[in-house]
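Take a look at the structure set out below.
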Amino acid sequence: MKHQEYIKLIEKELQRINKVIDYKIIHGEEYWREARDHKLLLRKIRQNTKSNFFNRLLPRVFQF
């Protein structure tokens, strides 16, 4: 699986979880499990995009 596909898959899952959370908020239900999953998925996205950012940045910084 390509990196872009992985990120898109995580984003799609985030959207699904957001819909579930919205539904539960409207109906007054608890949503702590979904909030935990949402937090973990956001962390995965940040970890994957941060490393890419620094991998792209460093070669430019050290160019002479």
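Note on naming: chains are A, B, ... as they come in the structure tokens, residues start from 1 per chain, ligands start from 1 in the order shown.
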
Notebook entry, point to check: Counting only C-alpha atoms, what is within 12 Å of region 25-37 of chain A, bar same-chain residues fewer than 5 positions away, as a PyMOL selection string?
Noted result: chain A and resi 10+13-20+42-44

Could you dump the residues just selected with N, CA and C atoms as a JSON list (two decimals), in the first residue's frame?
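So the final result, stored in out.json, reads:
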```json
[["chain", "number", "residue", "atom", "x", "y", "z"],
["A", 10, "ILE", "N", -6.89, 6.38, 6.39],
["A", 10, "ILE", "CA", -7.04, 6.90, 7.74],
["A", 10, "ILE", "C", -8.02, 8.08, 7.74],
["A", 13, "GLU", "N", -11.54, 6.85, 7.53],
["A", 13, "GLU", "CA", -11.98, 6.30, 8.81],
["A", 13, "GLU", "C", -12.27, 7.43, 9.81],
["A", 14, "LEU", "N", -11.49, 8.50, 9.76],
["A", 14, "LEU", "CA", -11.76, 9.66, 10.61],
["A", 14, "LEU", "C", -13.13, 10.26, 10.29],
["A", 15, "GLN", "N", -13.45, 10.36, 9.02],
["A", 15, "GLN", "CA", -14.75, 10.91, 8.63],
["A", 15, "GLN", "C", -15.88, 10.03, 9.14],
["A", 16, "ARG", "N", -15.69, 8.71, 9.07],
["A", 16, "ARG", "CA", -16.72, 7.80, 9.55],
["A", 16, "ARG", "C", -16.92, 7.95, 11.05],
["A", 17, "ILE", "N", -15.81, 8.03, 11.78],
["A", 17, "ILE", "CA", -15.89, 8.18, 13.23],
["A", 17, "ILE", "C", -16.53, 9.51, 13.59],
["A", 18, "ASN", "N", -16.22, 10.57, 12.85],
["A", 18, "ASN", "CA", -16.83, 11.87, 13.11],
["A", 18, "ASN", "C", -18.35, 11.80, 12.96],
["A", 19, "LYS", "N", -18.82, 11.08, 11.97],
["A", 19, "LYS", "CA", -20.27, 10.94, 11.78],
["A", 19, "LYS", "C", -20.91, 10.20, 12.97],
["A", 20, "VAL", "N", -20.22, 9.17, 13.44],
["A", 20, "VAL", "CA", -20.74, 8.41, 14.59],
["A", 20, "VAL", "C", -20.76, 9.30, 15.82],
["A", 42, "LEU", "N", -5.73, 10.52, 14.45],
["A", 42, "LEU", "CA", -5.08, 11.81, 14.24],
["A", 42, "LEU", "C", -3.59, 11.72, 14.51],
["A", 43, "ARG", "N", -3.23, 10.98, 15.55],
["A", 43, "ARG", "CA", -1.82, 10.81, 15.88],
["A", 43, "ARG", "C", -1.09, 10.10, 14.74],
["A", 44, "LYS", "N", -1.73, 9.08, 14.16],
["A", 44, "LYS", "CA", -1.10, 8.36, 13.04],
["A", 44, "LYS", "C", -0.87, 9.29, 11.86]]
```

Next item on the list: Report the distance between CA of Asn48 (chain A) and CA of Lys12 (chain A) in Å, rounded to one decimal place.
Entry: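 Going from CA of Asn48 (chain A) over to CA of Lys12 (chain A) covers 15.6 Å.
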